[in-house]
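Structure first, then comments.
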Amino acid sequence: MKAHMKNLSTALLVLAVMATTVVTIVPARAELVVDITRGFVEPLPVAVTDFFGETPDEARVGRDIAGVISGNLERSGLFKPIDRGAFIQDPATLRAGPRFADWRLINTQALISGTVQLQADGRLRVEFRLWDVFAETQMTGLAYFTTPSNWRRVSHIISDAIYKRLTGEEGYFDTRIVYIAESGPQNRRVKRLAIMDQDGENHRFLTEGSALVLTPRFSPTTQEITYLSYVGKVPRVYLFNLATGQQEVLGDFPGMTFAPRFSPDGNKVIMSQARQGNTEIYTMDLRTRKVARLTDHPAIDTSPSYSPDGKEVVFNSDRGGTQQLYIMSADGGNVRRITFSPGRYATPVWSPRGDLIAFTRIHAGEFFIGVMRPDGSGERMLTKGFLVEGPTWAPNGRVLSFYRQSRADERGKVESKVYTIDLTGFNERELATPIDGSDPAWSPLIP
């Protein structure tokens, strides 16, 4: 664990925290667990108390941390934070342990408490504990040492720990989303690269808007983004280093280039290129800059996405007469079609878990975001609209983001907004952005 934490851009030390209070023995009961594999799940009532701090500054940070954790859990749709006005026990007395009867009285099933302390060396110590109220037991507890400015990131990491303990699945809160920020009239749209935390905070623009940018995608390390940009009306694939802000042209390719994505190991970028009127799928080795062609067909082959193990690629092609989804081996062999339904399929992307492929489907004048198994079975739609497109997976494979564009109003104005939705098709929510947004890409967990 310590070795992993040393990779953080801001030093963060994590320690397990054991319960130090004596709790009452109660009859055995089933462990508190949230089942996230079903459809609609009644949210679990949770109480997130302010993290206790001795000084006003510590108390303020403690309130802020509790607010971020509460917001993360609530947005997941699996948890219902209880109104703090209903709390009977205060954060100060919680340091000696919960009065479980007080929390049962307000129907709390899971309780999150914590403390914040500014150390003599300037570091911030943040400790949290997760309690099963009805079993009267501590489920987990950790302490983190970090810089005071890193409090928000610690809040996301704590949220992930709570999510994993209660659901058995990895969390997705300590992540970022890159997207295309859009502004201006429809016929002169300014499109900039922008990035934010998964909750919409820490938003910043990465490009100034002088050149059109499209299809941003994260590297597996989360430190680089690949995207398409039109500089001087010439389309080029770029790499953007988030740590340094440096932009690098990946290559000057003949013809149009579309939808670049990283391979799972980060050593290659896969993309489609139009050469002499024929669009095929290519890879570029980032170490040697060697380009290899994967498809060879007179049809349009585009939107490639690797499987998590890097052994296969899903893409869309009209080689069968209509735009459908196909899978091939990573070397371009063993091509087979996996969709046969009416309509057109686009923007496929493989789940990080490997069990599903998300896609956009256009049928009967409507757009759909859906998922299916890699063999094409189990197809189901999660949401639909006038224009919904560009699904991207959270790193735990349980939540997706996409964008939704409205119809033009009487003045010709349209809106484009970024949304998230649960894999079951419930809990669709808009992700607030300063201006219109499209084409989101979700990062892996931040190392």
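Residue numbers start at 1 in each chain; chains themselves are named A, B, ... in the order of the structure tokens; ligands are numbered from 1 in the order shown.
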
Mind checking which residues fall within 12 Å of A:Gly343, counting only C-alpha atoms, ignoring those fewer than 6 positions away in the same chain, and posting them as a list in words?
Asp318, Gly321, Thr322, Gln323, Gln324, Leu325, Thr360, Arg361, Ile362, His363, Ala364, Gly365, Glu366, Phe367 and Phe368 of chain A

Grab the residues selected above and save them as a tab-separated table (two decimals), in the first residue's frame with N, CA and C atoms.
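Contents of the output file again36.tsv:
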```tsv
chain	number	residue	atom	x	y	z
A	318	ASP	N	-19.48	-0.50	-42.11
A	318	ASP	CA	-20.67	-0.70	-42.97
A	318	ASP	C	-20.42	-1.77	-44.03
A	321	GLY	N	-23.40	-3.66	-45.28
A	321	GLY	CA	-24.50	-2.90	-45.88
A	321	GLY	C	-25.01	-1.79	-45.00
A	322	THR	N	-25.00	-2.01	-43.68
A	322	THR	CA	-25.36	-0.96	-42.71
A	322	THR	C	-24.27	-0.90	-41.65
A	323	GLN	N	-24.23	0.20	-40.92
A	323	GLN	CA	-23.19	0.42	-39.91
A	323	GLN	C	-23.45	-0.47	-38.70
A	324	GLN	N	-22.62	-1.49	-38.51
A	324	GLN	CA	-22.79	-2.46	-37.43
A	324	GLN	C	-21.47	-2.61	-36.67
A	325	LEU	N	-21.52	-3.37	-35.58
A	325	LEU	CA	-20.34	-3.59	-34.76
A	325	LEU	C	-19.66	-4.91	-35.10
A	360	THR	N	-23.44	3.46	-29.19
A	360	THR	CA	-24.54	4.32	-29.60
A	360	THR	C	-25.30	3.60	-30.71
A	361	ARG	N	-26.62	3.62	-30.62
A	361	ARG	CA	-27.45	3.03	-31.68
A	361	ARG	C	-28.41	4.09	-32.20
A	362	ILE	N	-28.55	4.16	-33.51
A	362	ILE	CA	-29.46	5.09	-34.15
A	362	ILE	C	-30.52	4.27	-34.87
A	363	HIS	N	-31.79	4.46	-34.46
A	363	HIS	CA	-32.88	3.68	-35.04
A	363	HIS	C	-34.19	4.46	-34.96
A	364	ALA	N	-34.92	4.46	-36.07
A	364	ALA	CA	-36.25	5.09	-36.14
A	364	ALA	C	-36.21	6.55	-35.68
A	365	GLY	N	-35.14	7.25	-36.06
A	365	GLY	CA	-35.04	8.68	-35.76
A	365	GLY	C	-34.62	9.02	-34.35
A	366	GLU	N	-34.25	8.02	-33.55
A	366	GLU	CA	-33.80	8.28	-32.19
A	366	GLU	C	-32.41	7.69	-31.96
A	367	PHE	N	-31.71	8.28	-30.99
A	367	PHE	CA	-30.41	7.79	-30.57
A	367	PHE	C	-30.56	7.06	-29.23
A	368	PHE	N	-29.78	6.00	-29.06
A	368	PHE	CA	-29.80	5.21	-27.83
A	368	PHE	C	-28.36	4.99	-27.36
```

Which residues are near A:Ser438? Cut-off 9 Å, only C-alpha atoms, ignore same chain within fewer than 3 positions. Put them as an mmCIF file with N, CA and C atoms, in the first residue's frame.
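part.cif, freshly written:
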```cif
data_model
loop_
_atom_site.group_PDB
_atom_site.id
_atom_site.type_symbol
_atom_site.label_atom_id
_atom_site.label_comp_id
_atom_site.auth_asym_id
_atom_site.auth_seq_id
_atom_site.Cartn_x
_atom_site.Cartn_y
_atom_site.Cartn_z
ATOM 1 N N TYR A 179 -13.317 16.279 -21.539
ATOM 2 C CA TYR A 179 -14.421 16.399 -22.475
ATOM 3 C C TYR A 179 -14.186 17.601 -23.387
ATOM 4 N N ILE A 180 -15.075 17.773 -24.345
ATOM 5 C CA ILE A 180 -15.011 18.916 -25.250
ATOM 6 C C ILE A 180 -15.962 19.995 -24.751
ATOM 7 N N ALA A 181 -15.416 21.136 -24.353
ATOM 8 C CA ALA A 181 -16.215 22.278 -23.911
ATOM 9 C C ALA A 181 -16.602 23.113 -25.132
ATOM 10 N N GLU A 182 -17.889 23.365 -25.289
ATOM 11 C CA GLU A 182 -18.391 24.026 -26.492
ATOM 12 C C GLU A 182 -19.042 25.370 -26.150
ATOM 13 N N GLU A 389 -24.918 10.291 -27.321
ATOM 14 C CA GLU A 389 -23.791 9.690 -28.030
ATOM 15 C C GLU A 389 -22.555 9.654 -27.136
ATOM 16 N N GLY A 390 -21.557 8.893 -27.582
ATOM 17 C CA GLY A 390 -20.229 8.911 -26.970
ATOM 18 C C GLY A 390 -20.143 8.317 -25.597
ATOM 19 N N PHE A 402 -21.865 10.039 -20.917
ATOM 20 C CA PHE A 402 -22.173 10.265 -22.328
ATOM 21 C C PHE A 402 -22.623 11.703 -22.463
ATOM 22 N N TYR A 403 -22.925 12.138 -23.681
ATOM 23 C CA TYR A 403 -23.467 13.485 -23.809
ATOM 24 C C TYR A 403 -24.809 13.452 -24.522
ATOM 25 N N ARG A 404 -25.620 14.443 -24.199
ATOM 26 C CA ARG A 404 -26.976 14.564 -24.724
ATOM 27 C C ARG A 404 -27.144 15.946 -25.345
ATOM 28 N N GLN A 405 -27.546 15.973 -26.594
ATOM 29 C CA GLN A 405 -27.759 17.239 -27.301
ATOM 30 C C GLN A 405 -29.247 17.445 -27.544
ATOM 31 N N SER A 416 -25.770 21.086 -25.392
ATOM 32 C CA SER A 416 -25.091 19.800 -25.302
ATOM 33 C C SER A 416 -24.559 19.652 -23.884
ATOM 34 N N LYS A 417 -24.983 18.616 -23.180
ATOM 35 C CA LYS A 417 -24.630 18.427 -21.780
ATOM 36 C C LYS A 417 -24.077 17.034 -21.535
ATOM 37 N N VAL A 418 -23.212 16.931 -20.544
ATOM 38 C CA VAL A 418 -22.599 15.658 -20.166
ATOM 39 C C VAL A 418 -23.433 15.020 -19.056
#
```

In terms of only C-alpha atoms, the residue from A:Asp422, A:Glu280, A:Phe145, A:Arg289 at minimal distance from A:Leu250 is A:Arg289

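Distance check against A:Arg104 using only C-alpha atoms: of A:Ala135, A:Ile435, A:Ile300, A:Ala66, the minimum falls on A:Ala135.
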
Within 9 Å of A:Gly122, counting only C-alpha atoms, which residues qualify if same-chain residues fewer than 2 places away don't, as number ranges by chain?
A: 118-120, 124, 146-148

Dump as a tab-separated table (two decimals), in the first residue's frame, selection limited to N, CA and C atoms:
```tsv
chain	number	residue	atom	x	y	z
A	118	LEU	N	-4.05	18.97	11.84
A	118	LEU	CA	-2.88	19.54	11.18
A	118	LEU	C	-1.65	19.21	12.02
A	119	GLN	N	-0.71	18.45	11.44
A	119	GLN	CA	0.47	17.99	12.16
A	119	GLN	C	1.53	19.09	12.28
A	120	ALA	N	2.46	18.89	13.19
A	120	ALA	CA	3.52	19.87	13.41
A	120	ALA	C	4.40	20.04	12.18
A	124	LEU	N	-1.44	17.12	6.81
A	124	LEU	CA	-2.80	16.96	7.30
A	124	LEU	C	-3.06	15.48	7.55
A	146	THR	N	-1.31	13.77	4.31
A	146	THR	CA	-1.14	14.43	3.01
A	146	THR	C	-0.94	15.92	3.24
A	147	THR	N	-0.79	16.67	2.16
A	147	THR	CA	-0.70	18.12	2.28
A	147	THR	C	-2.10	18.70	2.42
A	148	PRO	N	-2.26	19.81	3.12
A	148	PRO	CA	-3.60	20.38	3.33
A	148	PRO	C	-4.35	20.66	2.03
```

Exercise. Using DSSP on the backbone coordinates, identify all residues within stretch 160-374 of chain A classified as alpha helix (DSSP H); present the result as a list in words.
Key: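 Assigned to alpha helix (DSSP H), within stretch 160-374 of chain A: Asp160, Ala161, Ile162, Tyr163, Lys164, Arg165, Leu166 and Thr167 of chain A.
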
**Message:** So that I can see what lies close to A:Gly333, please list as a PyMOL selection string the residues with an atom at most 12 Å from it, counting only C-alpha atoms and leaving out residues fewer than 2 positions away in the same chain.
**Reply:** chain A and resi 293-296+311-313+326-331+335-336

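Minimum atom-to-atom distance to A:Arg189, evaluated using only C-alpha atoms, belongs to A:Val414 out of A:Trp350, A:Leu387, A:Pro304, A:Val414.
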
* **Surrounding residues of A:Lys80 excluding itself and chain neighbours under 2 positions, 12 Å, only C-alpha atoms, as number ranges by chain** => A: 41-48, 69-78, 82-84, 107-111

Could those selected residues go to a file with N, CA and C atoms, as a compact mmCIF listing (two decimals), in the first residue's frame?
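Dumped to part_22.txt:
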```txt
# COMPACT_ATOMS: atom_id res chain seq x y z
N VAL A 41 -32.30 -0.05 -6.98
CA VAL A 41 -31.93 -0.42 -5.62
C VAL A 41 -32.36 0.71 -4.69
N GLU A 42 -33.11 0.35 -3.63
CA GLU A 42 -33.49 1.36 -2.64
C GLU A 42 -32.22 1.87 -1.98
N PRO A 43 -31.96 3.19 -2.05
CA PRO A 43 -30.70 3.72 -1.50
C PRO A 43 -30.55 3.40 -0.01
N LEU A 44 -29.33 3.07 0.38
CA LEU A 44 -29.03 2.74 1.77
C LEU A 44 -28.90 4.03 2.59
N PRO A 45 -29.65 4.16 3.69
CA PRO A 45 -29.51 5.37 4.52
C PRO A 45 -28.14 5.40 5.21
N VAL A 46 -27.38 6.46 4.96
CA VAL A 46 -26.07 6.62 5.56
C VAL A 46 -25.99 7.99 6.24
N ALA A 47 -25.24 8.03 7.31
CA ALA A 47 -24.99 9.30 8.00
C ALA A 47 -23.52 9.64 7.83
N VAL A 48 -23.24 10.79 7.25
CA VAL A 48 -21.86 11.25 7.08
C VAL A 48 -21.70 12.47 7.98
N ILE A 69 -17.68 13.62 0.52
CA ILE A 69 -18.02 12.20 0.67
C ILE A 69 -19.53 12.00 0.52
N SER A 70 -20.30 12.84 1.20
CA SER A 70 -21.76 12.73 1.12
C SER A 70 -22.25 12.92 -0.31
N GLY A 71 -21.68 13.90 -1.02
CA GLY A 71 -22.07 14.14 -2.41
C GLY A 71 -21.73 12.97 -3.31
N ASN A 72 -20.54 12.40 -3.15
CA ASN A 72 -20.14 11.25 -3.95
C ASN A 72 -21.10 10.08 -3.75
N LEU A 73 -21.39 9.75 -2.50
CA LEU A 73 -22.25 8.60 -2.21
C LEU A 73 -23.66 8.84 -2.73
N GLU A 74 -24.15 10.06 -2.57
CA GLU A 74 -25.51 10.35 -3.03
C GLU A 74 -25.63 10.26 -4.54
N ARG A 75 -24.63 10.78 -5.27
CA ARG A 75 -24.69 10.76 -6.74
C ARG A 75 -24.61 9.34 -7.30
N SER A 76 -24.03 8.42 -6.54
CA SER A 76 -23.97 7.04 -7.03
C SER A 76 -25.34 6.41 -7.14
N GLY A 77 -26.32 6.98 -6.43
CA GLY A 77 -27.68 6.45 -6.45
C GLY A 77 -27.89 5.27 -5.51
N LEU A 78 -26.81 4.81 -4.88
CA LEU A 78 -26.90 3.64 -4.00
C LEU A 78 -27.05 4.02 -2.53
N ILE A 82 -28.39 11.03 5.23
CA ILE A 82 -29.42 11.54 6.14
C ILE A 82 -29.14 13.01 6.45
N ASP A 83 -30.19 13.80 6.54
CA ASP A 83 -30.07 15.23 6.85
C ASP A 83 -29.30 15.40 8.16
N ARG A 84 -28.26 16.21 8.13
CA ARG A 84 -27.43 16.40 9.33
C ARG A 84 -28.21 17.02 10.48
N ASN A 107 -32.81 5.95 11.77
CA ASN A 107 -32.79 4.98 10.67
C ASN A 107 -31.47 4.93 9.91
N THR A 108 -30.37 5.23 10.60
CA THR A 108 -29.06 5.12 9.97
C THR A 108 -28.64 3.66 9.91
N GLN A 109 -28.18 3.21 8.73
CA GLN A 109 -27.67 1.84 8.62
C GLN A 109 -26.14 1.83 8.55
N ALA A 110 -25.57 2.83 7.90
CA ALA A 110 -24.11 2.96 7.86
C ALA A 110 -23.74 4.35 8.34
N LEU A 111 -22.72 4.43 9.18
CA LEU A 111 -22.29 5.70 9.76
C LEU A 111 -20.83 5.93 9.39
```

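When only C-alpha atoms are used to measure the gap to A:Arg261, the shortest distance among A:Gly168, A:Pro348, A:Pro298, A:Gly277 belongs to A:Pro348.
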
Can you check which residues of stretch 200-260 of chain A DSSP gives as strand (DSSP E or B) on the backbone and send them as an NGL selection string?
:A and (204-205 or 212-218 or 224-231 or 234-241 or 247-251 or 256-260)

Taken to one decimal, the atom CA of A:Val388-atom CA of A:Arg429 distance is 13.4 Å

Check: Do you have the atom CA of A:Glu169-atom CA of A:Asp309 distance handy?
Finding: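 Atom CA of A:Glu169 sits 19.5 Å away from atom CA of A:Asp309.
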
Worksheet item: For A:Leu166, which of A:Phe340, A:Leu212, A:Pro235, A:Ile112 is the closest residue, counting only C-alpha atoms?
Response: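 Looking only at the distances to A:Leu166, the closest residue turns out to be A:Ile112.
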